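> What follows is data26.pdb, PDB, C-alpha atoms and all ligand atoms.
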```pdb
ATOM      1  CA  MET A1273     -11.553   6.995  39.633
ATOM      2  CA  GLY A1274      -9.090   8.874  41.804
ATOM      3  CA  GLU A1275      -9.744  10.580  45.092
ATOM      4  CA  LYS A1276      -9.303  14.035  46.548
ATOM      5  CA  ILE A1277      -6.810  13.946  49.406
ATOM      6  CA  ASN A1278      -8.405  14.900  52.711
ATOM      7  CA  VAL A1279      -5.882  17.594  53.581
ATOM      8  CA  LYS A1280      -8.129  19.050  56.294
ATOM      9  CA  ASP A1281      -7.914  15.787  58.200
ATOM     10  CA  ILE A1282      -4.114  15.588  57.792
ATOM     11  CA  VAL A1283      -3.780  19.140  59.140
ATOM     12  CA  ARG A1284      -6.127  18.431  62.054
ATOM     13  CA  ARG A1285      -3.961  15.468  63.140
ATOM     14  CA  LYS A1286      -0.667  17.317  62.656
ATOM     15  CA  LYS A1287      -1.999  20.284  64.632
ATOM     16  CA  GLU A1288      -2.731  18.016  67.597
ATOM     17  CA  GLU A1289       0.850  16.659  67.448
ATOM     18  CA  LEU A1290       2.251  20.186  67.295
ATOM     19  CA  LYS A1291       0.048  21.350  70.160
ATOM     20  CA  ASP A1292       1.462  18.536  72.315
ATOM     21  CA  LYS A1293       5.006  19.650  71.462
ATOM     22  CA  VAL A1294       4.176  23.259  72.424
ATOM     23  CA  GLU A1295       2.672  22.025  75.717
ATOM     24  CA  SER A1296       5.848  20.048  76.476
ATOM     25  CA  LEU A1297       7.995  23.136  75.799
ATOM     26  CA  LYS A1298       5.789  25.243  78.060
ATOM     27  CA  LYS A1299       6.196  22.676  80.850
ATOM     28  CA  LEU A1300       9.943  23.335  80.566
ATOM     29  CA  GLY A1301       9.249  27.065  80.902
ATOM     30  CA  ILE A1302       9.835  27.734  77.191
ATOM     31  CA  GLN A1303       7.300  29.819  75.220
ATOM     32  CA  PRO A1304       7.681  29.564  71.402
ATOM     33  CA  LYS A1305       7.307  32.951  69.729
ATOM     34  CA  LEU A1306       6.973  34.106  66.139
ATOM     35  CA  ALA A1307       7.553  37.688  64.965
ATOM     36  CA  VAL A1308       5.795  38.707  61.759
ATOM     37  CA  VAL A1309       6.847  41.720  59.677
ATOM     38  CA  LEU A1310       4.169  43.046  57.327
ATOM     39  CA  ALA A1311       5.287  45.814  54.972
ATOM     40  CA  SER A1312       2.812  45.479  52.149
ATOM     41  CA  GLU A1313      -0.613  46.633  51.083
ATOM     42  CA  ASP A1314      -1.300  43.299  49.406
ATOM     43  CA  GLU A1315      -4.749  42.144  50.559
ATOM     44  CA  ALA A1316      -3.869  38.427  50.249
ATOM     45  CA  SER A1317      -0.831  38.991  52.518
ATOM     46  CA  LYS A1318      -3.044  40.547  55.172
ATOM     47  CA  ILE A1319      -5.340  37.496  54.977
ATOM     48  CA  TYR A1320      -2.335  35.116  55.289
ATOM     49  CA  VAL A1321      -1.029  37.020  58.315
ATOM     50  CA  GLY A1322      -4.497  36.726  59.879
ATOM     51  CA  LYS A1323      -4.537  32.935  59.255
ATOM     52  CA  LYS A1324      -1.098  32.586  60.849
ATOM     53  CA  ARG A1325      -2.224  34.645  63.851
ATOM     54  CA  LYS A1326      -5.272  32.400  64.307
ATOM     55  CA  MET A1327      -3.283  29.162  64.126
ATOM     56  CA  CYS A1328      -0.675  30.550  66.567
ATOM     57  CA  GLU A1329      -3.504  31.228  69.029
ATOM     58  CA  GLU A1330      -4.899  27.704  68.563
ATOM     59  CA  LEU A1331      -1.508  26.123  69.209
ATOM     60  CA  GLY A1332      -0.397  28.343  72.087
ATOM     61  CA  ILE A1333       2.432  29.960  70.112
ATOM     62  CA  GLU A1334       3.006  33.617  70.956
ATOM     63  CA  GLN A1335       2.981  35.971  67.986
ATOM     64  CA  GLU A1336       3.837  39.637  67.562
ATOM     65  CA  GLU A1337       3.339  41.727  64.448
ATOM     66  CA  TYR A1338       5.308  44.668  63.059
ATOM     67  CA  ILE A1339       3.072  46.435  60.577
ATOM     68  CA  PHE A1340       4.385  49.251  58.400
ATOM     69  CA  ASP A1341       2.772  51.682  55.980
ATOM     70  CA  SER A1342       4.183  52.661  52.587
ATOM     71  CA  SER A1343       6.452  55.367  54.075
ATOM     72  CA  VAL A1344       8.722  52.668  55.551
ATOM     73  CA  THR A1345      12.298  52.374  54.267
ATOM     74  CA  THR A1346      14.468  49.290  53.668
ATOM     75  CA  GLU A1347      16.778  50.540  56.464
ATOM     76  CA  LYS A1348      13.895  50.661  58.929
ATOM     77  CA  VAL A1349      12.770  47.090  58.146
ATOM     78  CA  VAL A1350      16.389  45.849  58.281
ATOM     79  CA  ASP A1351      16.766  47.587  61.645
ATOM     80  CA  ILE A1352      13.677  45.813  63.062
ATOM     81  CA  VAL A1353      14.831  42.434  61.719
ATOM     82  CA  GLU A1354      18.265  42.942  63.323
ATOM     83  CA  LYS A1355      16.609  43.720  66.660
ATOM     84  CA  LEU A1356      14.457  40.579  66.350
ATOM     85  CA  ASN A1357      17.609  38.537  65.573
ATOM     86  CA  GLN A1358      19.071  39.714  68.911
ATOM     87  CA  ASP A1359      15.864  39.236  70.918
ATOM     88  CA  ASN A1360      16.148  35.870  72.714
ATOM     89  CA  SER A1361      12.394  35.713  73.351
ATOM     90  CA  VAL A1362      11.770  35.528  69.569
ATOM     91  CA  ASN A1363      12.332  32.099  68.006
ATOM     92  CA  GLY A1364      11.169  32.680  64.448
ATOM     93  CA  ILE A1365      11.016  35.690  62.119
ATOM     94  CA  LEU A1366       8.698  35.868  59.143
ATOM     95  CA  VAL A1367       8.815  38.709  56.627
ATOM     96  CA  GLN A1368       5.564  38.427  54.697
ATOM     97  CA  LEU A1369       6.051  38.620  50.914
ATOM     98  CA  PRO A1370       5.465  40.470  48.650
ATOM     99  CA  LEU A1371       6.894  43.634  50.217
ATOM    100  CA  PHE A1372       6.169  47.205  49.119
ATOM    101  CA  LYS A1373       7.819  47.534  45.694
ATOM    102  CA  HIS A1374      10.316  50.206  46.821
ATOM    103  CA  LEU A1375      11.802  47.881  49.470
ATOM    104  CA  ASP A1376      14.924  45.784  48.806
ATOM    105  CA  MET A1377      13.579  42.275  49.368
ATOM    106  CA  ASP A1378      16.933  40.484  49.073
ATOM    107  CA  LYS A1379      18.589  42.816  51.568
ATOM    108  CA  ILE A1380      15.758  42.350  54.065
ATOM    109  CA  LEU A1381      15.556  38.549  53.714
ATOM    110  CA  ASP A1382      19.360  38.247  53.917
ATOM    111  CA  THR A1383      19.265  40.054  57.279
ATOM    112  CA  ILE A1384      17.173  37.334  58.973
ATOM    113  CA  SER A1385      19.350  35.087  61.143
ATOM    114  CA  ASP A1386      19.470  31.597  59.616
ATOM    115  CA  LYS A1387      18.651  30.280  63.132
ATOM    116  CA  LYS A1388      15.286  32.093  63.010
ATOM    117  CA  ASP A1389      14.542  31.782  59.289
ATOM    118  CA  VAL A1390      11.260  29.889  59.704
ATOM    119  CA  ASP A1391      10.069  30.775  56.194
ATOM    120  CA  GLY A1392      13.223  29.169  54.795
ATOM    121  CA  PHE A1393      14.029  31.819  52.157
ATOM    122  CA  HIS A1394      17.480  32.905  53.376
ATOM    123  CA  PRO A1395      20.185  31.962  50.841
ATOM    124  CA  LEU A1396      22.017  29.987  53.548
ATOM    125  CA  THR A1397      18.858  28.005  54.401
ATOM    126  CA  LEU A1398      18.157  27.280  50.726
ATOM    127  CA  GLY A1399      21.840  26.407  50.177
ATOM    128  CA  LYS A1400      21.701  23.868  53.018
ATOM    129  CA  LEU A1401      18.540  22.398  51.543
ATOM    130  CA  PHE A1402      20.184  22.075  48.133
ATOM    131  CA  ILE A1403      23.238  20.247  49.518
ATOM    132  CA  GLY A1404      20.928  17.992  51.501
ATOM    133  CA  GLU A1405      21.740  19.054  55.085
ATOM    134  CA  LYS A1406      19.231  17.726  57.559
ATOM    135  CA  GLU A1407      19.274  20.526  60.127
ATOM    136  CA  THR A1408      17.642  23.224  58.073
ATOM    137  CA  PHE A1409      14.288  24.939  57.746
ATOM    138  CA  ILE A1410      12.340  23.704  54.767
ATOM    139  CA  PRO A1411      10.331  26.506  53.095
ATOM    140  CA  CYS A1412       6.706  26.249  54.187
ATOM    141  CA  THR A1413       4.900  25.338  50.960
ATOM    142  CA  PRO A1414       7.330  22.541  49.938
ATOM    143  CA  LYS A1415       7.354  21.294  53.536
ATOM    144  CA  GLY A1416       3.541  21.215  53.479
ATOM    145  CA  ILE A1417       3.563  19.321  50.168
ATOM    146  CA  MET A1418       5.847  16.692  51.734
ATOM    147  CA  THR A1419       3.561  16.444  54.770
ATOM    148  CA  ILE A1420       0.727  15.512  52.414
ATOM    149  CA  LEU A1421       2.770  13.133  50.246
ATOM    150  CA  ASP A1422       4.293  11.391  53.282
ATOM    151  CA  ASP A1423       0.930  11.075  54.985
ATOM    152  CA  ILE A1424      -0.623   9.255  52.038
ATOM    153  CA  GLY A1425       2.367   6.883  51.928
ATOM    154  CA  THR A1426       3.916   8.078  48.657
ATOM    155  CA  ASP A1427       6.725   5.967  47.298
ATOM    156  CA  TYR A1428       9.456   8.252  45.920
ATOM    157  CA  GLU A1429      12.363   5.994  45.002
ATOM    158  CA  GLY A1430      12.677   5.431  41.295
ATOM    159  CA  LYS A1431       9.517   7.410  40.574
ATOM    160  CA  HIS A1432       9.407  10.250  38.070
ATOM    161  CA  ALA A1433       8.459  13.517  39.757
ATOM    162  CA  VAL A1434       7.600  16.370  37.415
ATOM    163  CA  ILE A1435       7.429  19.899  38.805
ATOM    164  CA  VAL A1436       5.778  22.632  36.770
ATOM    165  CA  GLY A1437       7.152  25.986  37.999
ATOM    166  CA  ARG A1438      10.661  26.913  39.159
ATOM    167  CA  SER A1439      10.086  29.659  41.749
ATOM    168  CA  ARG A1440      12.325  30.184  44.767
ATOM    169  CA  ILE A1441       9.440  29.502  47.146
ATOM    170  CA  VAL A1442       7.887  26.388  45.584
ATOM    171  CA  GLY A1443       9.267  24.832  42.376
ATOM    172  CA  LYS A1444      13.003  24.866  43.099
ATOM    173  CA  PRO A1445      12.920  23.702  46.735
ATOM    174  CA  ILE A1446      10.320  20.951  46.177
ATOM    175  CA  SER A1447      12.390  19.612  43.271
ATOM    176  CA  GLN A1448      15.439  19.297  45.553
ATOM    177  CA  ILE A1449      13.480  17.562  48.305
ATOM    178  CA  LEU A1450      11.986  15.018  45.894
ATOM    179  CA  LEU A1451      15.425  14.460  44.374
ATOM    180  CA  LYS A1452      16.814  13.747  47.833
ATOM    181  CA  ARG A1453      13.997  11.282  48.479
ATOM    182  CA  GLY A1454      15.074   9.250  45.457
ATOM    183  CA  ALA A1455      12.768  10.468  42.704
ATOM    184  CA  THR A1456      13.973  11.302  39.212
ATOM    185  CA  VAL A1457      13.024  14.951  38.851
ATOM    186  CA  THR A1458      12.078  17.036  35.819
ATOM    187  CA  ILE A1459      11.374  20.763  36.173
ATOM    188  CA  CYS A1460       9.214  22.572  33.617
ATOM    189  CA  HIS A1461       8.805  26.344  33.338
ATOM    190  CA  SER A1462       7.524  29.037  31.006
ATOM    191  CA  LYS A1463      10.196  28.325  28.385
ATOM    192  CA  THR A1464       9.471  24.576  28.268
ATOM    193  CA  GLN A1465       8.128  23.970  24.774
ATOM    194  CA  ASP A1466       5.396  21.450  25.547
ATOM    195  CA  ILE A1467       4.903  20.684  29.232
ATOM    196  CA  SER A1468       2.482  17.837  28.446
ATOM    197  CA  ILE A1469       5.393  15.700  27.144
ATOM    198  CA  TYR A1470       6.722  15.708  30.707
ATOM    199  CA  THR A1471       3.542  15.849  32.770
ATOM    200  CA  ARG A1472       2.283  12.676  31.021
ATOM    201  CA  GLN A1473       5.324  10.812  32.366
ATOM    202  CA  ALA A1474       4.858  11.947  35.959
ATOM    203  CA  ASP A1475       4.194   9.477  38.747
ATOM    204  CA  ILE A1476       4.204  12.498  41.057
ATOM    205  CA  LEU A1477       3.089  15.770  39.471
ATOM    206  CA  VAL A1478       3.472  19.083  41.330
ATOM    207  CA  VAL A1479       1.969  22.114  39.606
ATOM    208  CA  ALA A1480       2.923  25.583  40.915
ATOM    209  CA  VAL A1481       2.358  28.087  38.119
ATOM    210  CA  GLY A1482      -0.540  30.395  38.972
ATOM    211  CA  LYS A1483      -2.543  29.815  35.773
ATOM    212  CA  PRO A1484      -6.067  28.385  36.114
ATOM    213  CA  HIS A1485      -6.369  24.813  34.808
ATOM    214  CA  ILE A1486      -3.073  24.879  32.919
ATOM    215  CA  VAL A1487      -2.967  21.120  33.528
ATOM    216  CA  THR A1488      -5.878  19.136  32.139
ATOM    217  CA  LYS A1489      -6.918  15.476  32.314
ATOM    218  CA  ASP A1490      -5.177  14.462  29.077
ATOM    219  CA  MET A1491      -1.829  15.707  30.486
ATOM    220  CA  ILE A1492      -1.872  13.314  33.436
ATOM    221  CA  LYS A1493      -0.451   9.781  33.598
ATOM    222  CA  PRO A1494      -3.026   7.205  34.743
ATOM    223  CA  GLY A1495      -2.546   6.545  38.468
ATOM    224  CA  ALA A1496      -0.426   9.659  39.107
ATOM    225  CA  ILE A1497      -0.416  11.562  42.402
ATOM    226  CA  VAL A1498      -1.130  15.223  41.663
ATOM    227  CA  VAL A1499      -0.312  18.163  43.929
ATOM    228  CA  ASP A1500      -2.028  21.364  42.852
ATOM    229  CA  VAL A1501      -0.318  24.365  44.450
ATOM    230  CA  GLY A1502      -1.927  27.070  42.327
ATOM    231  CA  ILE A1503      -4.383  29.578  43.734
ATOM    232  CA  ASN A1504      -6.342  31.503  41.114
ATOM    233  CA  ARG A1505      -9.396  33.691  41.562
ATOM    234  CA  VAL A1506     -11.762  33.211  38.610
ATOM    235  CA  ASN A1507     -15.239  34.800  38.628
ATOM    236  CA  GLY A1508     -15.054  35.172  42.396
ATOM    237  CA  LYS A1509     -14.134  31.489  42.903
ATOM    238  CA  ILE A1510     -10.759  30.063  43.973
ATOM    239  CA  ILE A1511      -9.506  27.383  41.599
ATOM    240  CA  GLY A1512      -6.182  25.606  41.163
ATOM    241  CA  ASP A1513      -3.754  25.113  38.295
ATOM    242  CA  VAL A1514      -5.232  21.669  37.593
ATOM    243  CA  ASP A1515      -8.673  20.843  36.252
ATOM    244  CA  THR A1516      -9.448  18.748  39.328
ATOM    245  CA  ASP A1517     -12.875  17.312  38.478
ATOM    246  CA  ASN A1518     -11.841  15.851  35.133
ATOM    247  CA  SER A1519      -8.345  14.855  36.303
ATOM    248  CA  LEU A1520      -9.922  12.669  38.993
ATOM    249  CA  LYS A1521     -10.878  10.302  36.155
ATOM    250  CA  VAL A1522      -7.185   9.441  35.547
ATOM    251  CA  CYS A1523      -5.066  10.272  38.583
ATOM    252  CA  SER A1524      -5.009   8.168  41.769
ATOM    253  CA  LYS A1525      -4.930  11.108  44.184
ATOM    254  CA  ILE A1526      -5.085  14.880  43.967
ATOM    255  CA  THR A1527      -4.968  17.786  46.427
ATOM    256  CA  PRO A1528      -8.093  19.977  46.266
ATOM    257  CA  VAL A1529      -8.110  23.754  45.797
ATOM    258  CA  PRO A1530      -9.170  25.361  48.070
ATOM    259  CA  GLY A1531      -8.569  23.223  51.146
ATOM    260  CA  GLY A1532      -5.303  21.687  49.962
ATOM    261  CA  VAL A1533      -1.674  22.780  50.006
ATOM    262  CA  GLY A1534      -2.630  26.207  51.409
ATOM    263  CA  LEU A1535      -3.666  24.573  54.687
ATOM    264  CA  THR A1536      -0.376  22.739  55.142
ATOM    265  CA  THR A1537       1.657  25.850  54.274
ATOM    266  CA  VAL A1538       0.507  27.648  57.447
ATOM    267  CA  LEU A1539       0.959  24.499  59.536
ATOM    268  CA  SER A1540       4.529  24.111  58.231
ATOM    269  CA  LEU A1541       5.432  27.629  59.312
ATOM    270  CA  LEU A1542       4.419  26.858  62.877
ATOM    271  CA  GLU A1543       6.213  23.496  62.757
ATOM    272  CA  ASN A1544       9.328  25.464  61.801
ATOM    273  CA  VAL A1545       8.777  27.874  64.730
ATOM    274  CA  VAL A1546       8.627  24.913  67.130
ATOM    275  CA  GLN A1547      11.718  23.368  65.470
ATOM    276  CA  ALA A1548      13.562  26.703  65.885
ATOM    277  CA  THR A1549      12.528  26.883  69.549
ATOM    278  CA  ILE A1550      13.789  23.342  70.192
ATOM    279  CA  GLU A1551      17.117  24.007  68.435
ATOM    280  CA  GLN A1552      17.695  27.383  70.136
ATOM    281  CA  ASN A1553      17.123  25.786  73.542
ATOM    282  CA  ASN A1554      19.380  22.810  72.736
ATOM    283  CA  ILE A1555      16.615  20.317  73.468
ATOM    284  CA  LYS A1556      17.451  16.847  72.154
TER
HETATM  285  P1  LIG A1601       5.799  32.364  40.492
HETATM  286  O1  LIG A1601       5.022  33.320  39.657
HETATM  287  O2  LIG A1601       6.935  32.840  41.309
HETATM  288  O3  LIG A1601       6.325  31.184  39.562
HETATM  289  C1  LIG A1601       5.518  30.594  38.592
HETATM  290  C2  LIG A1601       6.311  29.596  37.818
HETATM  291  O4  LIG A1601       5.490  29.070  36.798
HETATM  292  C3  LIG A1601       7.551  30.187  37.147
HETATM  293  O5  LIG A1601       8.651  29.334  37.342
HETATM  294  C4  LIG A1601       7.148  30.246  35.663
HETATM  295  O6  LIG A1601       8.216  30.023  34.774
HETATM  296  C5  LIG A1601       6.188  29.090  35.562
HETATM  297  N1  LIG A1601       5.269  29.268  34.446
HETATM  298  C6  LIG A1601       4.576  30.369  34.092
HETATM  299  N2  LIG A1601       3.841  30.135  32.987
HETATM  300  C7  LIG A1601       4.079  28.850  32.631
HETATM  301  C8  LIG A1601       3.634  28.026  31.586
HETATM  302  N3  LIG A1601       2.774  28.473  30.659
HETATM  303  N4  LIG A1601       4.106  26.756  31.520
HETATM  304  C9  LIG A1601       4.968  26.288  32.430
HETATM  305  N5  LIG A1601       5.428  27.033  33.473
HETATM  306  C10 LIG A1601       4.983  28.297  33.572
HETATM  307  O7  LIG A1601       4.707  31.637  41.380
HETATM  308  P2  LIG A1601       4.811  30.860  42.784
HETATM  309  O8  LIG A1601       5.680  29.671  42.657
HETATM  310  O9  LIG A1601       5.035  31.825  43.873
HETATM  311  O10 LIG A1601       3.280  30.382  42.913
HETATM  312  C11 LIG A1601       2.686  29.545  41.952
HETATM  313  C12 LIG A1601       1.211  29.382  42.297
HETATM  314  O11 LIG A1601       1.101  28.779  43.573
HETATM  315  C13 LIG A1601       0.429  30.696  42.406
HETATM  316  O12 LIG A1601      -0.898  30.456  42.015
HETATM  317  C14 LIG A1601       0.448  31.001  43.896
HETATM  318  O13 LIG A1601      -0.655  31.776  44.292
HETATM  319  C15 LIG A1601       0.361  29.613  44.458
HETATM  320  N6  LIG A1601       0.935  29.471  45.772
HETATM  321  C16 LIG A1601       0.212  28.760  46.665
HETATM  322  C17 LIG A1601       0.688  28.539  47.922
HETATM  323  C18 LIG A1601      -0.116  27.743  48.854
HETATM  324  O14 LIG A1601       0.144  27.763  50.056
HETATM  325  N7  LIG A1601      -1.094  26.984  48.371
HETATM  326  C19 LIG A1601       1.960  29.107  48.384
HETATM  327  C20 LIG A1601       2.707  29.763  47.330
HETATM  328  C21 LIG A1601       2.182  29.944  46.082
HETATM  329  P3  LIG A1601       9.466  31.065  34.616
HETATM  330  O15 LIG A1601      10.341  30.801  35.809
HETATM  331  O16 LIG A1601      10.079  30.656  33.340
HETATM  332  O17 LIG A1601       8.875  32.437  34.612
END
```
Take the structure in the file and write it out as structure tokens.
Ligand code: NDP


Amino acid sequence: MGEKINVKDIVRRKKEELKDKVESLKKLGIQPKLAVVLASEDEASKIYVGKKRKMCEELGIEQEEYIFDSSVTTEKVVDIVEKLNQDNSVNGILVQLPLFKHLDMDKILDTISDKKDVDGFHPLTLGKLFIGEKETFIPCTPKGIMTILDDIGTDYEGKHAVIVGRSRIVGKPISQILLKRGATVTICHSKTQDISIYTRQADILVVAVGKPHIVTKDMIKPGAIVVDVGINRVNGKIIGDVDTDNSLKVCSKITPVPGGVGLTTVLSLLENVVQATIEQNNIK
């Protein structure tokens, strides 16, 4: 019988570590600051921004928000981002996705300085990640997944990691990180003919699709570590992409939904803000 990973406890410990780092920066007269741009009417985005605000408060990170209604133009958002790039008191810039449909997402994300790209979506940041450069911001969800896998002592070298999903924010970056750590990586997506052929071989299985219980017990290798990234609302309940209760009978460890990867995603953002602050102030 496998176990659900206690992600809440991991986050609690990591938050304490991060709080200490923020305190040390403040003692040097440095105040980490995150600027958040919200140009969306997406309810989930508003909830995420609220969660980020709350964790910033807990950790002593300053946060300011730029909230726009649907009359905003791409030029206006680009203009704000450019101003934030120039503002030395701002260490990290986050443009909350998805944006209003009429806005040019690529143009806006490309405007963020790679020095302040704490969400890690700028092409330069992703490019650095793909060539394996150390000094880069790792996108928040993949970074959070690695926090969990590292904390439970996952062995990567020579293991088969199977990723289901190939999005820019989860599937692609996590595949590159696991590749760098020495895993053999397979990526499945909507055109893969039978994902179970691959998932059954996975020592480490990461599922980021957005379809409730697309991965079931019979698709999991005995003893596998399973990371369920999916968030799906079904009959008013939040469930993941993996049928957790039944999968526990075969896997060794699994992240719960809710209370799993989502928690580390927010933490990772603030870790990136602190990293940006340290780098911008040339602190060794
Ligand atoms: P996207 O919609 O951007 O990507 C989904 C991926 O799943 C695509 O690559 C798609 O393939 C693939 N896919 C779709 N259907 C199938 C299928 N039947 N078999 C195999 N692959 C399939 O989603 P995201 O990566 O942004 O998010 C995935 C899930 O994770 C969502 O539920 C989202 O809410 C959640 N999420 C959770 C976060 C957290 O903090 N916990 C953070 C970010 C996301 P193709 O490329 O071919 O279309």

> Apply the PyMOL selection byres (((not hetatm)) within 7 of (chain A and resi 1601)) to the displayed file and report the matching residues as a PyMOL selection string.

chain A and resi 1413+1436-1443+1460-1464+1467+1480-1483+1501-1504+1532-1535+1537

> CA of Asp1513 (chain A) and CA of Val1321 (chain A) are how many Å apart?

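Those two atoms sit 23.5 Å apart.
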
> How would you write, as a PyMOL selection string, the residues chosen by the PyMOL selection byres (((chain A and resi 1415) around 12) and not hetatm) on this structure?

chain A and resi 1390-1392+1401+1408-1414+1416-1422+1441-1443+1445-1450+1533-1544

> Using the chain letters and numbers from this file, what does the PyMOL selection byres (((chain A and resi 1377) around 12) and not hetatm) select? Give the answer as a ChimeraX atom specification.

/A:1311-1312,1345-1347,1349-1350,1367-1376,1378-1384,1393-1394

> Which residue is closest to Lys1489 (chain A)? Choose from A:Ile1365, A:Val1506, A:Val1522, A:Ile1476 and count only C-alpha atoms.

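Residue with the minimum atom-to-atom distance to Lys1489 (chain A): A:Val1522.
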
> Would you mind reading off the distance between CA of Gln1335 (chain A) and CA of Val1294 (chain A), one decimal, in Å?

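About the pair CA of Gln1335 (chain A) and CA of Val1294 (chain A): they are 13.5 Å apart.
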
> Just give me the gap between CA of Ser1317 (chain A) and CA of Lys1509 (chain A) in Å, one decimal is fine.

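Computing it gives 18.0 Å between the two atoms.
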
> Using all atoms listed in the file, determine which residues lie at most 12 Å from region 1297-1304 of chain A, disregarding the query and same-chain residues fewer than 4 positions distant; provide the list as a PyMOL selection string.

chain A and resi 1290-1293+1328-1329+1331-1336+1360-1365+1388+1542-1556

> Where atoms are absent from region 1416-1422 of chain A, fill them in so it carries all heavy atoms, then output it as a PDB file, in the frame of the given file.


```pdb
ATOM      1  N   GLY A1416       4.947  21.625  53.403  1.00  0.00           N
ATOM      2  CA  GLY A1416       3.541  21.215  53.479  1.00  0.00           C
ATOM      3  C   GLY A1416       3.206  20.166  52.419  1.00  0.00           C
ATOM      4  O   GLY A1416       2.444  19.229  52.676  1.00  0.00           O
ATOM      5  N   ILE A1417       3.792  20.314  51.235  1.00  0.00           N
ATOM      6  CA  ILE A1417       3.563  19.321  50.168  1.00  0.00           C
ATOM      7  C   ILE A1417       4.087  17.957  50.634  1.00  0.00           C
ATOM      8  O   ILE A1417       3.424  16.927  50.474  1.00  0.00           O
ATOM      9  CB  ILE A1417       4.272  19.753  48.846  1.00  0.00           C
ATOM     10  CG1 ILE A1417       3.622  21.014  48.287  1.00  0.00           C
ATOM     11  CG2 ILE A1417       4.257  18.618  47.822  1.00  0.00           C
ATOM     12  CD1 ILE A1417       4.359  21.641  47.099  1.00  0.00           C
ATOM     13  N   MET A1418       5.273  17.960  51.265  1.00  0.00           N
ATOM     14  CA  MET A1418       5.847  16.692  51.734  1.00  0.00           C
ATOM     15  C   MET A1418       5.020  16.094  52.864  1.00  0.00           C
ATOM     16  O   MET A1418       4.912  14.880  52.975  1.00  0.00           O
ATOM     17  CB  MET A1418       7.310  16.898  52.171  1.00  0.00           C
ATOM     18  CG  MET A1418       8.250  17.255  51.043  1.00  0.00           C
ATOM     19  SD  MET A1418       8.104  16.208  49.568  1.00  0.00           S
ATOM     20  CE  MET A1418       8.765  14.670  50.170  1.00  0.00           C
ATOM     21  N   THR A1419       4.437  16.950  53.698  1.00  0.00           N
ATOM     22  CA  THR A1419       3.561  16.444  54.770  1.00  0.00           C
ATOM     23  C   THR A1419       2.416  15.650  54.147  1.00  0.00           C
ATOM     24  O   THR A1419       2.081  14.557  54.600  1.00  0.00           O
ATOM     25  CB  THR A1419       3.001  17.632  55.602  1.00  0.00           C
ATOM     26  OG1 THR A1419       4.097  18.289  56.220  1.00  0.00           O
ATOM     27  CG2 THR A1419       2.015  17.162  56.664  1.00  0.00           C
ATOM     28  N   ILE A1420       1.843  16.192  53.079  1.00  0.00           N
ATOM     29  CA  ILE A1420       0.727  15.512  52.414  1.00  0.00           C
ATOM     30  C   ILE A1420       1.209  14.212  51.760  1.00  0.00           C
ATOM     31  O   ILE A1420       0.635  13.144  51.968  1.00  0.00           O
ATOM     32  CB  ILE A1420       0.079  16.434  51.351  1.00  0.00           C
ATOM     33  CG1 ILE A1420      -0.513  17.686  52.008  1.00  0.00           C
ATOM     34  CG2 ILE A1420      -0.996  15.679  50.558  1.00  0.00           C
ATOM     35  CD1 ILE A1420      -0.961  18.765  51.023  1.00  0.00           C
ATOM     36  N   LEU A1421       2.294  14.323  50.979  1.00  0.00           N
ATOM     37  CA  LEU A1421       2.770  13.133  50.246  1.00  0.00           C
ATOM     38  C   LEU A1421       3.205  12.033  51.203  1.00  0.00           C
ATOM     39  O   LEU A1421       2.921  10.849  50.980  1.00  0.00           O
ATOM     40  CB  LEU A1421       3.920  13.525  49.302  1.00  0.00           C
ATOM     41  CG  LEU A1421       3.540  14.400  48.102  1.00  0.00           C
ATOM     42  CD1 LEU A1421       4.777  14.797  47.299  1.00  0.00           C
ATOM     43  CD2 LEU A1421       2.547  13.673  47.184  1.00  0.00           C
ATOM     44  N   ASP A1422       3.875  12.408  52.295  1.00  0.00           N
ATOM     45  CA  ASP A1422       4.293  11.391  53.282  1.00  0.00           C
ATOM     46  C   ASP A1422       3.071  10.755  53.935  1.00  0.00           C
ATOM     47  O   ASP A1422       3.032   9.551  54.134  1.00  0.00           O
ATOM     48  CB  ASP A1422       5.181  12.022  54.370  1.00  0.00           C
ATOM     49  CG  ASP A1422       6.587  12.320  53.867  1.00  0.00           C
ATOM     50  OD1 ASP A1422       6.980  11.760  52.823  1.00  0.00           O
ATOM     51  OD2 ASP A1422       7.296  13.105  54.525  1.00  0.00           O
TER      52      ASP A1422
END
```
